[in-house]
Every structure is written in C-alpha cells, then in structure tokens.
$ cat run_31.cif   # mmCIF, C-alpha atoms and all ligand atoms
data_work
#
loop_
_atom_site.label_atom_id
_atom_site.label_comp_id
_atom_site.auth_asym_id
_atom_site.auth_seq_id
_atom_site.Cartn_x
_atom_site.Cartn_y
_atom_site.Cartn_z
CA MET B 32 20.45 -2.89 -50.39
CA ILE B 33 18.73 -3.98 -47.20
CA LYS B 34 21.24 -4.97 -44.49
CA PHE B 35 20.94 -7.23 -41.46
CA GLY B 36 23.10 -7.64 -38.39
CA PRO B 37 23.30 -7.67 -34.61
CA SER B 38 23.45 -4.84 -32.15
CA GLY B 39 26.43 -5.81 -30.00
CA ASN B 40 28.17 -9.17 -29.99
CA SER B 41 25.92 -12.16 -29.38
CA GLU B 42 26.53 -14.80 -26.70
CA SER B 43 27.45 -17.25 -29.47
CA PHE B 44 30.34 -14.96 -30.48
CA TYR B 45 31.83 -15.13 -26.97
CA ASN B 46 31.00 -18.84 -26.62
CA GLN B 47 33.12 -19.51 -29.69
CA GLY B 48 36.10 -18.04 -27.87
CA TYR B 49 36.10 -14.53 -29.33
CA SER B 50 36.45 -11.57 -27.02
CA SER B 51 37.19 -8.52 -29.18
CA THR B 52 35.12 -6.63 -31.72
CA TYR B 53 38.24 -6.85 -33.89
CA ASP B 54 37.00 -10.37 -34.73
CA THR B 55 33.37 -9.34 -35.27
CA PRO B 56 33.51 -8.33 -38.96
CA LYS B 57 34.85 -11.70 -40.18
CA TYR B 58 32.49 -13.54 -37.84
CA LEU B 59 29.47 -11.69 -39.24
CA HIS B 60 30.65 -12.02 -42.82
CA ASP B 61 31.02 -15.80 -42.44
CA LEU B 62 27.47 -15.99 -41.05
CA GLY B 63 26.11 -14.02 -44.02
CA LEU B 64 25.37 -10.77 -42.17
CA ASN B 65 26.39 -7.27 -43.27
CA ALA B 66 25.62 -4.79 -40.48
CA PHE B 67 26.74 -4.22 -36.89
CA GLU B 68 25.97 -1.67 -34.20
CA TYR B 69 28.66 -0.90 -31.65
CA SER B 70 27.30 0.31 -28.31
CA PHE B 71 28.71 3.27 -26.42
CA GLY B 72 25.64 2.95 -24.18
CA ARG B 73 27.74 2.93 -21.03
CA GLY B 74 30.32 5.38 -22.34
CA THR B 75 32.72 6.11 -25.18
CA ASN B 76 35.71 4.45 -23.56
CA LEU B 77 36.98 2.86 -26.78
CA SER B 78 40.18 4.58 -27.95
CA VAL B 79 40.05 6.27 -31.35
CA ASP B 80 43.05 4.20 -32.51
CA LYS B 81 41.28 0.98 -31.65
CA ALA B 82 38.13 2.23 -33.38
CA ALA B 83 40.24 2.78 -36.52
CA LEU B 84 41.65 -0.77 -36.25
CA PHE B 85 38.11 -2.17 -36.01
CA GLY B 86 37.19 0.05 -38.95
CA GLU B 87 39.75 -1.61 -41.22
CA GLU B 88 38.13 -4.98 -40.51
CA PHE B 89 34.58 -3.67 -41.00
CA SER B 90 35.58 -2.29 -44.38
CA LYS B 91 37.52 -5.43 -45.38
CA TYR B 92 34.42 -7.57 -44.79
CA ASN B 93 31.90 -5.03 -46.10
CA ILE B 94 29.99 -4.67 -42.85
CA GLU B 95 28.05 -1.43 -42.37
CA VAL B 96 28.89 -0.24 -38.87
CA SER B 97 26.81 2.16 -36.80
CA VAL B 98 27.17 3.22 -33.16
CA HIS B 99 24.77 3.79 -30.28
CA ALA B 100 25.58 6.94 -28.29
CA PRO B 101 25.62 6.87 -24.44
CA TYR B 102 22.31 6.34 -22.62
CA TYR B 103 23.01 9.36 -20.38
CA ILE B 104 22.03 11.83 -23.11
CA ASN B 105 19.00 13.90 -22.13
CA PHE B 106 18.15 16.95 -24.20
CA ALA B 107 15.09 17.71 -22.03
CA ASN B 108 17.36 18.70 -19.17
CA THR B 109 17.14 22.36 -18.12
CA ASP B 110 20.68 22.44 -16.68
CA GLU B 111 23.09 23.98 -19.21
CA GLU B 112 26.04 21.91 -17.97
CA LYS B 113 24.09 18.68 -18.46
CA ILE B 114 23.24 19.78 -22.00
CA SER B 115 26.86 20.44 -22.83
CA ASN B 116 27.66 16.95 -21.47
CA SER B 117 24.99 15.46 -23.73
CA ILE B 118 26.46 17.29 -26.72
CA GLY B 119 29.89 15.99 -25.71
CA TYR B 120 28.59 12.39 -25.73
CA ILE B 121 27.34 12.87 -29.29
CA LEU B 122 30.69 14.34 -30.40
CA SER B 123 32.82 11.60 -28.86
CA SER B 124 30.54 8.96 -30.39
CA LEU B 125 30.85 10.60 -33.81
CA LYS B 126 34.63 10.80 -33.52
CA ARG B 127 34.90 7.04 -32.93
CA LEU B 128 32.22 6.25 -35.49
CA LYS B 129 34.17 8.17 -38.12
CA ALA B 130 37.33 6.26 -37.20
CA MET B 131 35.35 3.02 -37.64
CA GLY B 132 34.26 4.09 -41.11
CA GLY B 133 30.56 4.33 -40.24
CA LYS B 134 27.99 7.09 -40.71
CA ARG B 135 25.01 6.39 -38.45
CA CYS B 136 24.92 7.41 -34.80
CA VAL B 137 21.81 6.29 -32.90
CA PHE B 138 20.81 8.24 -29.81
CA HIS B 139 18.02 8.49 -27.24
CA THR B 140 16.82 12.07 -27.24
CA ALA B 141 15.38 12.67 -23.78
CA THR B 142 13.28 11.71 -20.78
CA GLU B 143 10.54 13.82 -19.20
CA GLY B 144 11.65 15.41 -15.94
CA LYS B 145 9.48 17.62 -13.79
CA GLU B 146 8.21 19.50 -16.81
CA LEU B 147 5.01 18.53 -18.59
CA ARG B 148 5.59 16.51 -21.71
CA GLU B 149 4.90 19.30 -24.18
CA LYS B 150 7.31 21.61 -22.40
CA ALA B 151 9.91 18.82 -22.13
CA PHE B 152 9.64 18.22 -25.86
CA GLU B 153 10.02 21.94 -26.56
CA THR B 154 13.19 21.97 -24.41
CA THR B 155 14.42 18.89 -26.28
CA LEU B 156 14.00 20.57 -29.68
CA LYS B 157 15.75 23.71 -28.49
CA ASN B 158 18.73 21.75 -27.17
CA ILE B 159 18.92 19.58 -30.27
CA GLU B 160 19.29 22.83 -32.26
CA LYS B 161 22.28 23.68 -30.06
CA MET B 162 23.72 20.21 -30.56
CA LEU B 163 23.36 20.51 -34.34
CA PHE B 164 25.28 23.78 -34.35
CA VAL B 165 28.19 22.14 -32.52
CA VAL B 166 28.07 18.99 -34.67
CA TYR B 167 28.37 21.05 -37.89
CA GLU B 168 30.96 23.36 -36.39
CA SER B 169 33.07 20.34 -35.37
CA GLY B 170 33.13 19.02 -38.93
CA TYR B 171 30.65 16.17 -38.57
CA GLY B 172 28.10 17.49 -41.06
CA ASP B 173 28.68 14.44 -43.27
CA MET B 174 27.55 12.02 -40.56
CA VAL B 175 24.00 10.80 -39.93
CA LEU B 176 22.21 11.26 -36.60
CA CYS B 177 19.50 8.70 -35.87
CA PRO B 178 17.13 9.63 -33.00
CA GLU B 179 15.27 6.55 -31.76
CA THR B 180 11.61 5.76 -31.02
CA MET B 181 11.48 4.74 -27.35
CA GLY B 182 9.70 2.06 -25.34
CA LYS B 183 8.98 3.72 -22.00
CA ILE B 184 6.07 6.12 -21.66
CA ARG B 185 8.15 8.85 -19.97
CA GLN B 186 10.87 8.83 -22.60
CA ILE B 187 10.65 11.33 -25.45
CA GLY B 188 10.45 9.29 -28.65
CA THR B 189 6.96 8.59 -29.97
CA VAL B 190 6.69 8.10 -33.73
CA GLU B 191 5.43 11.69 -34.10
CA GLU B 192 8.16 13.19 -31.90
CA ILE B 193 10.94 11.39 -33.77
CA LEU B 194 9.53 12.47 -37.14
CA THR B 195 9.29 16.07 -35.91
CA ILE B 196 12.97 15.98 -34.92
CA CYS B 197 13.97 14.40 -38.23
CA LYS B 198 12.23 17.17 -40.17
CA MET B 199 14.48 19.75 -38.44
CA ASP B 200 17.61 19.03 -40.46
CA ASN B 201 18.91 16.92 -43.31
CA ILE B 202 21.46 15.23 -41.01
CA PHE B 203 18.72 13.12 -39.39
CA ILE B 204 17.48 9.67 -40.36
CA PRO B 205 15.14 8.09 -37.80
CA THR B 206 15.78 4.88 -35.89
CA PHE B 207 12.51 2.98 -35.79
CA ASP B 208 12.63 0.51 -32.94
CA PHE B 209 9.48 -1.51 -33.56
CA GLY B 210 9.86 -3.44 -30.29
CA HIS B 211 9.81 -0.09 -28.49
CA ILE B 212 6.78 1.14 -30.43
CA ASN B 213 4.95 -2.10 -29.66
CA SER B 214 5.84 -1.82 -25.94
CA ARG B 215 4.88 1.81 -25.64
CA GLU B 216 1.58 1.16 -27.38
CA LYS B 217 1.01 -2.15 -25.51
CA GLY B 218 0.92 -4.61 -28.37
CA LEU B 219 -0.16 -2.29 -31.19
CA LEU B 220 1.81 -4.05 -33.91
CA LYS B 221 0.06 -7.20 -35.11
CA SER B 222 -0.75 -7.09 -38.84
CA ALA B 223 1.11 -5.78 -41.88
CA ASP B 224 -1.44 -2.93 -41.94
CA ASP B 225 -0.38 -1.88 -38.42
CA TYR B 226 3.18 -1.48 -39.69
CA LYS B 227 1.98 0.12 -42.91
CA ILE B 228 0.30 2.98 -41.01
CA ILE B 229 3.65 3.85 -39.43
CA ILE B 230 5.72 3.39 -42.58
CA ASP B 231 3.27 5.62 -44.49
CA GLN B 232 3.76 8.31 -41.83
CA ILE B 233 7.53 8.14 -42.39
CA PHE B 234 7.19 8.46 -46.18
CA GLU B 235 4.83 11.39 -45.75
CA ALA B 236 7.03 13.21 -43.23
CA LEU B 237 10.48 12.60 -44.68
CA GLY B 238 10.04 11.75 -48.36
CA GLU B 239 10.86 8.58 -50.24
CA GLU B 240 14.67 8.72 -50.16
CA LYS B 241 14.97 8.97 -46.39
CA ALA B 242 11.98 6.76 -45.64
CA LYS B 243 13.42 3.93 -47.72
CA ASN B 244 16.73 4.09 -45.86
CA ILE B 245 15.65 4.33 -42.23
CA HIS B 246 17.56 2.66 -39.42
CA ILE B 247 15.64 -0.20 -37.78
CA HIS B 248 16.04 -1.84 -34.39
CA PHE B 249 14.01 -4.98 -33.94
CA SER B 250 13.43 -7.28 -31.00
CA LYS B 251 10.55 -8.72 -29.06
CA ILE B 252 10.12 -6.85 -25.79
CA GLN B 253 8.21 -7.54 -22.58
CA TYR B 254 6.06 -4.57 -21.56
CA GLY B 255 3.82 -3.37 -18.74
CA ASN B 256 1.91 -0.22 -17.79
CA ALA B 257 4.95 2.06 -18.08
CA GLY B 258 5.94 0.49 -21.41
CA GLU B 259 9.15 -1.46 -22.06
CA ILE B 260 10.35 -3.89 -19.37
CA ARG B 261 13.01 -6.03 -21.03
CA HIS B 262 14.29 -7.31 -24.36
CA LEU B 263 13.43 -10.92 -25.24
CA THR B 264 14.50 -13.21 -28.10
CA MET B 265 12.65 -14.16 -31.28
CA ASP B 266 11.50 -17.34 -29.45
CA ASP B 267 9.00 -15.32 -27.44
CA ASN B 268 5.41 -15.73 -28.55
CA ILE B 269 3.64 -13.68 -25.89
CA TYR B 270 4.67 -10.05 -26.38
CA GLY B 271 5.84 -9.67 -29.97
CA PRO B 272 6.01 -7.94 -32.31
CA GLU B 273 6.44 -10.41 -35.18
CA PHE B 274 8.90 -9.60 -37.97
CA GLU B 275 6.98 -11.26 -40.86
CA PRO B 276 4.36 -8.51 -41.31
CA LEU B 277 7.10 -5.82 -41.24
CA ALA B 278 9.12 -7.80 -43.82
CA GLN B 279 6.05 -7.79 -46.10
CA ILE B 280 5.88 -4.00 -45.98
CA LEU B 281 9.66 -3.55 -46.39
CA ASN B 282 9.38 -5.66 -49.54
CA GLU B 283 6.21 -4.00 -50.82
CA TYR B 284 7.78 -0.52 -50.49
CA LYS B 285 11.17 -1.72 -51.81
CA MET B 286 12.85 -0.31 -48.72
CA THR B 287 16.59 -0.65 -48.08
CA PRO B 288 17.00 -0.03 -44.33
CA VAL B 289 19.72 -1.25 -41.99
CA VAL B 290 17.97 -3.80 -39.74
CA LEU B 291 19.61 -4.60 -36.40
CA SER B 292 18.54 -7.28 -33.96
CA GLU B 293 18.49 -6.21 -30.33
CA SER B 294 17.50 -9.64 -29.00
CA ASN B 295 18.75 -10.56 -25.57
CA GLY B 296 21.90 -12.61 -26.29
CA THR B 297 20.83 -14.11 -29.63
CA GLN B 298 21.26 -10.98 -31.76
CA ALA B 299 23.35 -12.67 -34.48
CA GLU B 300 21.03 -15.69 -34.77
CA ASP B 301 17.94 -13.49 -34.76
CA ALA B 302 19.41 -11.15 -37.38
CA LEU B 303 19.92 -14.23 -39.57
CA LEU B 304 16.35 -15.32 -38.88
CA MET B 305 15.05 -11.89 -39.96
CA LYS B 306 17.18 -12.06 -43.10
CA LYS B 307 15.68 -15.47 -43.93
CA ILE B 308 12.12 -14.28 -43.27
CA TYR B 309 12.72 -11.24 -45.48
CA TYR B 310 14.20 -13.15 -48.42
CA ASP B 311 11.54 -15.87 -48.18
CA ILE B 312 9.06 -13.07 -48.89
CA ALA B 313 11.14 -10.98 -51.29
CA GLY B 314 12.71 -13.84 -53.22
CA GLY B 315 15.69 -12.67 -55.28
CA ASN B 316 13.94 -9.37 -56.04
CA ASN B 317 15.71 -7.03 -53.68
CA ALA B 318 18.92 -8.97 -53.11
ZN ZN D 401 18.50 2.56 -28.16
#
$ encode --input "run_31.cif" --output "structure tokens"
Amino acid sequence: MIKFGPSGNSESFYNQGYSSTYDTPKYLHDLGLNAFEYSFGRGTNLSVDKAALFGEEFSKYNIEVSVHAPYYINFANTDEEKISNSIGYILSSLKRLKAMGGKRCVFHTATEGKELREKAFETTLKNIEKMLFVVYESGYGDMVLCPETMGKIRQIGTVEEILTICKMDNIFIPTFDFGHINSREKGLLKSADDYKIIIDQIFEALGEEKAKNIHIHFSKIQYGNAGEIRHLTMDDNIYGPEFEPLAQILNEYKMTPVVLSESNGTQAEDALLMKKIYYDIAGGNNA
C-alpha cells in the first residue's frame, strides 16, 4: 500500500513536549501516518541499541522506517580515503537501519568537483561498484539502497543519472525528490503530464515492480540559477511543485510508493495533507 509520513520530527512534535524519536511511532500512528525517515544527515551518532529500541516502537505501530545517510557522502571524489569514508557512512547507516527494522537507506551520490560532469559521473559509478561489493560482503544484501534525485545543478542526481545507477544492481530503488527535480529544472513540474513523463521513464528503466514501489520525497522548494535554495512548506504558492497532479498519476498507475514530506517544520502536517489529497482522488480504491 501507499504510505505517507514525515522526514524527521516536525515542529509540532516538539511543541507537544516530545523530544525523542522513541515517541515518534505512536505520535504518527495517532495522526494516521505510516512512514518515517530518520536522518543521519549530520552523522550516524545514534547508538545501535537505541536504534533497536526505536525499532520496537516502529514495528508496534506499523510505521515503515527508512534512514537518510550522511550528507558527506561523495562518490565522485578521486581520493581513495574519502571513498572509503563514504562507504563507511553507508555501512553505519545500514547497521542502524537494520536495528530499527527498516530496509530503505536514502543517500546523495555525489557532487561534481574539478572534473567535468561526464567524468565525475563515471567516477561515481566506479565507486558505487566498490561500495556495492562491501555492502554485500558485510551482509547487507537484503537491504535497499535509494540514491536520490538532487536539486542543485552541480550535484550528481538528474533523473537519468539516478536511473542509470538503479539499473546497476537489484539492491537499488530510486528516491524521486520531486521538489529537487522541479528546482533543478526551474519549475518544470506543473501538470500531471509533466509528472507522467518522468514516471514513464522510471517504468521503462526499472520495470513495473520497482517503479510502483519507488521512494518519494516531496516538498515545495525555493530555487534560483544554481537550483535548490531552501525547503518551504505546502503553503507556498510561488515555487511549487503541487502534489495534486502527482497524486493523479500515482493513482492512475496504481503505485504504492513510500511518500515522505520534507517540508520545513511542518512535515507531519504536510504528509497528512498529501494523504488527504491522494485519497480524495483515489477514493477507497487503493486504501
Ligand atoms: Zn536527501
């Protein structure tokens, strides 16, 4: 089934007096949400024991938990030591994710350095091969790696690049961040047909099973010449993109993705709003 939830705890969660992710699963369940993404963006400093404690709660309340690996990962780097650090960030994220009872680990693949983009992408693919070898060797072959489409022009992560990576190995399911795509392409996503072109590309590249179950990040995002500037909330009506036309396509293609709100502070509320928009279109059909 399609799932909705926030990426990180919303301001409302803290305003209600909660401070630990231990309380998140019940909080989300009571709101009517069923997904959550835990961020290791600034590092994997959560102990594995604590991750396991959180995991019991996520499972008790039937919340699908995913994690976001550290932002420092850069597989376009040409320094071997930096690459082994990047691989290490993936492994320590997977270790905690497994303890939490989740499967999906989102990560940013790379940023262009001094190399031209084509060369940087080649380096990225080569280093991702190395990472895969270590991931399988370390016993994480049953997990799911979710490389993300990115919002800044210099970041690796166009729709085509992410699909190319996902075709490399069965362990990959893409993270489609439609706010990022819209920022990178300066307001590309307006109509349901705009979304349909991208969704069709996913079906064609990865087949129906994977395409139906992609990972989705959604938020409105302010952008400029270099792409993404900052995440907004669903209240924005300048930058977009809008969720309604995407919800139409998700329904039309009977997709069952995990949909996470990355709004700035109102992630839980905006996840609920997306759920409402979706079911207003889908009716009871895909419940
Ligand atoms: Zn991300």
$ residues_near_ligand --input "run_31.cif" --ligand "ligand ZN 401 (chain D)" --cutoff "7 Å" --atoms "only C-alpha atoms and all ligand atoms" --output "count of residues only"
5
$ residues_around --input "run_31.cif" --residues "B:Gly255" --least-positions-apart "3" --cutoff "9 Å" --atoms "only C-alpha atoms" --output "PDB file with C-alpha atoms, in the coordinates of the input"
ATOM      1  CA  SER B 214       5.840  -1.820 -25.940  1.00  0.00           C
ATOM      2  CA  ARG B 215       4.880   1.810 -25.640  1.00  0.00           C
ATOM      3  CA  LYS B 217       1.010  -2.150 -25.510  1.00  0.00           C
ATOM      4  CA  GLY B 258       5.940   0.490 -21.410  1.00  0.00           C
ATOM      5  CA  GLU B 259       9.150  -1.460 -22.060  1.00  0.00           C
ATOM      6  CA  ILE B 260      10.350  -3.890 -19.370  1.00  0.00           C
TER       7      ILE B 260
END
$ closest_atom_pairs --input "run_31.cif" --of "stretch 184-285 of chain B" --to "stretch 144-157 of chain B" --cutoff "10 Å" --atoms "all atoms listed in the file" --output "tab-separated table"
residue	atom	partner	partner_atom	distance
B:Arg185	CA	B:Arg148	CA	8.3
B:Gln186	CA	B:Arg148	CA	9.4
B:Ile187	CA	B:Phe152	CA	7.0
B:Gly188	CA	B:Phe152	CA	9.4
B:Glu192	CA	B:Phe152	CA	8.0
B:Thr195	CA	B:Leu156	CA	9.0
B:Ile196	CA	B:Leu156	CA	7.0
B:Met199	CA	B:Leu156	CA	8.8
$ closest_residue --input "run_31.cif" --among "B:Ile229, B:Ile202, B:Ala130, B:Met305" --to "B:Lys81" --atoms "all atoms listed in the file"
B:Ala130
$ residues_around --input "run_31.cif" --residues "B:Gly314" --least-positions-apart "6" --cutoff "10 Å" --atoms "all atoms listed in the file" --output "list of chain:residue names"
B:Asn282, B:Lys307, B:Ile308
$ closest_residue --input "run_31.cif" --among "B:Ala223, B:Leu84, B:Ile204, B:Val290" --to "B:Gly238" --atoms "only C-alpha atoms"
B:Ile204
$ residues_around --input "run_31.cif" --residues "B:Thr52" --least-positions-apart "6" --cutoff "9 Å" --atoms "all atoms listed in the file" --output "JSON, numbers by chain"
{"B": [39, 40, 69, 85]}
$ atom_distance --input "run_31.cif" --atom1 "atom CA of B:Tyr254" --atom2 "atom CA of B:Gly210"
9.6 Å
$ closest_residue --input "run_31.cif" --among "B:Ile252, B:Ala107, B:Met174, B:Ile312" --to "B:Asn268" --atoms "all atoms listed in the file"
B:Ile252
$ residues_around --input "run_31.cif" --residues "B:Pro101" --least-positions-apart "4" --cutoff "10 Å" --atoms "only C-alpha atoms" --output "PyMOL selection string"
chain B and resi 70-75+105+117+120-121+123-124+137-139
$ atom_distance --input "run_31.cif" --atom1 "atom CA of B:Pro272" --atom2 "atom CA of B:Gln298"
15.6 Å
$ residues_around --input "run_31.cif" --residues "B:Phe207" --least-positions-apart "3" --cutoff "9 Å" --atoms "only C-alpha atoms" --output "PyMOL selection string"
chain B and resi 178-181+190+193+210-212+245-249
$ closest_residue --input "run_31.cif" --among "B:Ala66, B:Met131, B:Ala257, B:Ile118" --to "B:Glu88" --atoms "only C-alpha atoms"
B:Met131
$ atom_distance --input "run_31.cif" --atom1 "atom CA of B:Ile233" --atom2 "atom CA of B:Glu283"
14.8 Å
